[in-house]
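What follows is a short report on a single structure.
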Amino acid sequence: MNTVKLMHALVVGSIVGALFPVCAAAKDCVNPCTGDQAITSEVETSFQRYAELAIPNAIRVQTRNQVVYLYGHVSTGLQRDEAVALAQRTPNVKRVIDSIRTDNAGG
């Protein structure tokens, strides 16, 4: 009987030990947005430093897997270009997807 209990304990211990790294990795996968939220916050903060981009709700920012998505509407192509450049300069940003509309037909 003691041998069976010992074997059972070894098997359970091995399974738990083998799953521990998987659980740790899964934790990172469950909430990967923590870094993305920090990127979004940093981009939004950088927009607030520029009066032409600080208009409330003019540009919406979303980040997924370190890719920043910019949505919204600004008056000029120059404003759009500045928003994209600021997002690109934000630490840990891999790519910026620009979906910002402008008033002028050329931008």
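Each chain of the structure tokens is named A, B, ... in the order shown, its residues numbered from 1; ligands are numbered from 1 in display order.
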Would you pick out the contacts of A:Leu86 at 9 Å or less, using only C-alpha atoms, so that residues sharing its chain but fewer than 5 positions from it are not included, and give the list as a ChimeraX atom specification?
/A:43,46-47,81
Could you write out that same residue set with C-alpha atoms as a PDB file, in the first residue's frame?
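Printed below is out.pdb as written:
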ATOM      1  CA  VAL A  43       0.739  57.255 -26.991  1.00  0.00           C
ATOM      2  CA  SER A  46       2.252  62.039 -26.053  1.00  0.00           C
ATOM      3  CA  PHE A  47      -0.748  63.338 -28.017  1.00  0.00           C
ATOM      4  CA  ASP A  81       1.602  62.433 -39.836  1.00  0.00           C
TER       5      ASP A  81
END
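We find atom CA of A:Gln66 and atom CA of A:Ala87 to be spaced 10.9 Å apart.
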So how far away is atom CA of A:Gln62 from atom CA of A:Arg89, in Å?
15.6 Å
Pairwise distance, atom CA of A:Pro91 with atom CA of A:Thr76, equals 25.6 Å
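Minimum distance to A:Ala51 across A:Tyr71, A:Gln37, A:Asn104, A:Glu82 (counting only C-alpha atoms) occurs at A:Glu82.
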For A:His73, list every protein, DNA or RNA residue within 6 Å, evaluated using only C-alpha atoms, and leave out those in the same chain fewer than 6 positions away; present the list as a ChimeraX atom specification.
/A:58,100-102
Using only C-alpha atoms, which protein or nucleic acid residues come within 12 Å of A:Gly35? Drop anything in the same chain fewer than 4 positions from it, and give the result as a list in words.
Asp28, Cys29, Asn31, Ile39, Thr40, Ser41, Glu42, Gln62, Thr63, Arg64, Asn65, Gln66, Val67, Val68, Pro91, Asn92 and Val93 of chain A
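With distances taken over only C-alpha atoms, A:Gln79 is the one residue among A:Ser99, A:Thr90, A:Gln79, A:Thr34 lying closest to A:Tyr50.
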